[in-house]
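File shown: start-v3.tsv. Contents: TSV, C-alpha atoms.
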chain	number	residue	atom	x	y	z
A	1	MET	CA	43.55	144.70	112.32
A	2	GLY	CA	43.11	141.40	114.17
A	3	CYS	CA	42.37	139.66	110.90
A	4	CYS	CA	45.70	140.78	109.42
A	5	TRP	CA	47.53	139.52	112.48
A	6	TRP	CA	45.94	136.04	112.13
A	7	LEU	CA	46.71	136.03	108.42
A	8	CYS	CA	50.38	136.86	109.10
A	9	CYS	CA	50.57	134.09	111.71
A	10	ALA	CA	49.00	131.59	109.30
A	11	ILE	CA	51.44	132.56	106.56
A	12	SER	CA	54.37	132.24	108.98
A	13	VAL	CA	53.24	128.80	110.13
A	14	SER	CA	52.70	127.71	106.53
A	15	GLN	CA	56.17	128.85	105.53
A	16	ALA	CA	57.73	127.14	108.55
A	17	LEU	CA	56.02	123.87	107.61
A	18	GLN	CA	57.16	124.29	104.02
A	19	VAL	CA	60.78	124.78	105.15
A	20	GLN	CA	60.59	121.70	107.39
A	21	THR	CA	59.09	119.63	104.58
A	22	GLN	CA	61.76	120.80	102.13
A	23	ASP	CA	64.49	119.92	104.65
A	24	ARG	CA	63.00	116.45	105.01
A	25	LEU	CA	62.82	116.05	101.22
A	26	ASP	CA	66.44	117.15	100.85
A	27	GLY	CA	67.50	114.61	103.47
A	28	LEU	CA	65.54	111.84	101.75
A	29	GLN	CA	67.03	112.74	98.37
A	30	THR	CA	70.51	112.56	99.87
A	31	GLN	CA	69.71	109.13	101.33
A	32	ILE	CA	68.44	107.96	97.94
A	33	VAL	CA	71.67	109.01	96.23
A	34	VAL	CA	73.78	107.29	98.89
A	35	GLN	CA	71.72	104.09	98.66
A	36	GLN	CA	71.91	104.10	94.84
A	37	GLN	CA	75.70	104.43	95.01
A	38	LEU	CA	75.85	101.60	97.54
A	39	ALA	CA	73.64	99.39	95.35
A	40	GLU	CA	75.84	100.07	92.31
A	41	ALA	CA	78.98	99.20	94.30
A	42	GLN	CA	77.35	95.98	95.48
A	43	ARG	CA	76.27	95.08	91.92
A	44	LEU	CA	79.88	95.55	90.80
A	45	GLU	CA	81.17	93.42	93.68
A	46	LEU	CA	78.62	90.70	92.89
A	47	ALA	CA	79.65	90.68	89.24
A	48	GLU	CA	83.30	90.30	90.28
A	49	LEU	CA	82.46	87.49	92.70
A	50	GLN	CA	80.41	85.66	90.04
A	51	SER	CA	83.02	85.94	87.30
A	52	PRO	CA	84.06	82.54	85.91
A	53	GLY	CA	87.76	83.37	86.30
A	54	ARG	CA	87.38	84.09	90.01
A	55	ILE	CA	85.31	80.94	90.58
A	56	VAL	CA	87.85	78.75	88.78
A	57	GLY	CA	90.70	80.47	90.61
A	58	THR	CA	89.08	79.87	93.98
A	59	ALA	CA	88.18	76.27	93.12
A	60	THR	CA	91.67	75.38	91.97
A	61	GLY	CA	93.69	77.56	94.35
A	62	ARG	CA	91.87	77.58	97.65
A	63	LEU	CA	89.83	74.39	97.39
A	64	GLY	CA	92.40	72.26	95.58
A	65	MET	CA	90.01	71.20	92.82
A	66	VAL	CA	91.30	70.23	89.39
A	67	PRO	CA	89.45	70.51	86.11
A	68	PRO	CA	88.53	67.15	84.53
A	69	SER	CA	90.55	66.04	81.55
A	70	GLU	CA	87.36	64.95	79.81
A	71	ILE	CA	83.60	65.10	80.43
A	72	VAL	CA	81.47	62.15	79.38
A	73	TYR	CA	77.69	62.56	79.00
A	74	LEU	CA	75.42	59.60	79.68
A	75	ARG	CA	71.77	59.11	78.82
A	76	SER	CA	69.51	57.59	81.44
A	77	ASP	CA	67.67	54.33	80.77
A	78	SER	CA	64.31	55.81	81.80
A	79	GLY	CA	63.76	57.32	78.36
A	80	ASP	CA	63.83	60.97	79.39
A	81	ASP	CA	66.26	63.36	77.76
A	82	ASN	CA	68.15	64.31	80.93
A	83	LEU	CA	71.89	64.10	80.50
A	84	ILE	CA	74.17	62.92	83.27
A	85	ALA	CA	77.75	64.14	83.35
A	86	ALA	CA	80.33	61.58	84.39
A	87	GLY	CA	84.01	62.17	84.95
A	88	PRO	CA	86.67	60.34	82.95
A	89	ASP	CA	87.29	57.81	85.75
A	90	GLU	CA	83.63	56.76	85.98
A	91	SER	CA	82.56	53.81	83.93
A	92	VAL	CA	79.35	53.96	81.91
A	93	ASP	CA	78.44	50.41	82.99
A	94	THR	CA	78.59	51.04	86.75
A	95	PRO	CA	75.24	50.74	88.57
A	96	ALA	CA	75.75	54.16	90.18
A	97	ALA	CA	75.92	55.82	86.77
A	98	VAL	CA	72.74	54.07	85.64
A	99	GLU	CA	70.82	54.78	88.87
A	100	VAL	CA	71.49	58.52	88.75
A	101	GLY	CA	68.94	59.03	85.98
A	102	GLU	CA	66.16	57.12	87.70

Represent the structure from my file as C-alpha cells, please.
Amino acid sequence: MGCCWWLCCAISVSQALQVQTQDRLDGLQTQIVVQQQLAEAQRLELAELQSPGRIVGTATGRLGMVPPSEIVYLRSDSGDDNLIAAGPDESVDTPAAVEVGE
C-alpha cells in the first residue's frame, strides 16, 4: 500500500512539473511571436527610411540640398581606376581635383 502512495505522489509531481514546463513553453512561444512581429515592423520601417524617394525628399526639403545639374567623372593621375565625381562648378584642372585621387 505504501508503494502505491509513493507512486501516486511521483505521478502527481511529474504532472505538476509537466504543466509548469508547458506554461513556460507557451509563454516563450508567445514572446517569439511578438518579437517576430516587432522585427517585421522594424524591417518595414527600415525599408521606408532607406527608400531613395524619402532620402531625396529629406535632402532637398529639410536639408536644403539641390541635385547637381551635371556630374563630371575624373580619373586620377596615379594610374588606378578609381573615379572621382566632381560637380559642374569644379574645374578638372584645379589642384584639389587632382589631389583627391592620390

| field | Interatomic distance (Å, one decimal) between atom CA of Arg62 of chain A and atom CA of Leu46 of chain A | value |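 For atom CA of Arg62 of chain A relative to atom CA of Leu46 of chain A, the distance reads 19.2 Å.
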
| When you draw a straight line from atom CA of Ala47 of chain A to atom CA of Ala59 of chain A, how long is it in Å? |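 Answer for the atom CA of Ala47 of chain A to atom CA of Ala59 of chain A separation: 17.2 Å.
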
| message | For a test of reading the model, state the distance in Å between atom CA of Pro52 of chain A and atom CA of Leu74 of chain A, rounded to one decimal. | response |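 According to the coordinates, atom CA of Pro52 of chain A and atom CA of Leu74 of chain A are separated by 25.3 Å.
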
Could you work out an axis-aligned bounding box for all listed atoms of segment 21-34 of chain A, with 4 Å added on each of the six sides, and give its centre and edge lengths in Å to one decimal, as JSON?
{"center_x": 66.4, "center_y": 114.0, "center_z": 100.6, "size_x": 22.7, "size_y": 21.5, "size_z": 16.8}
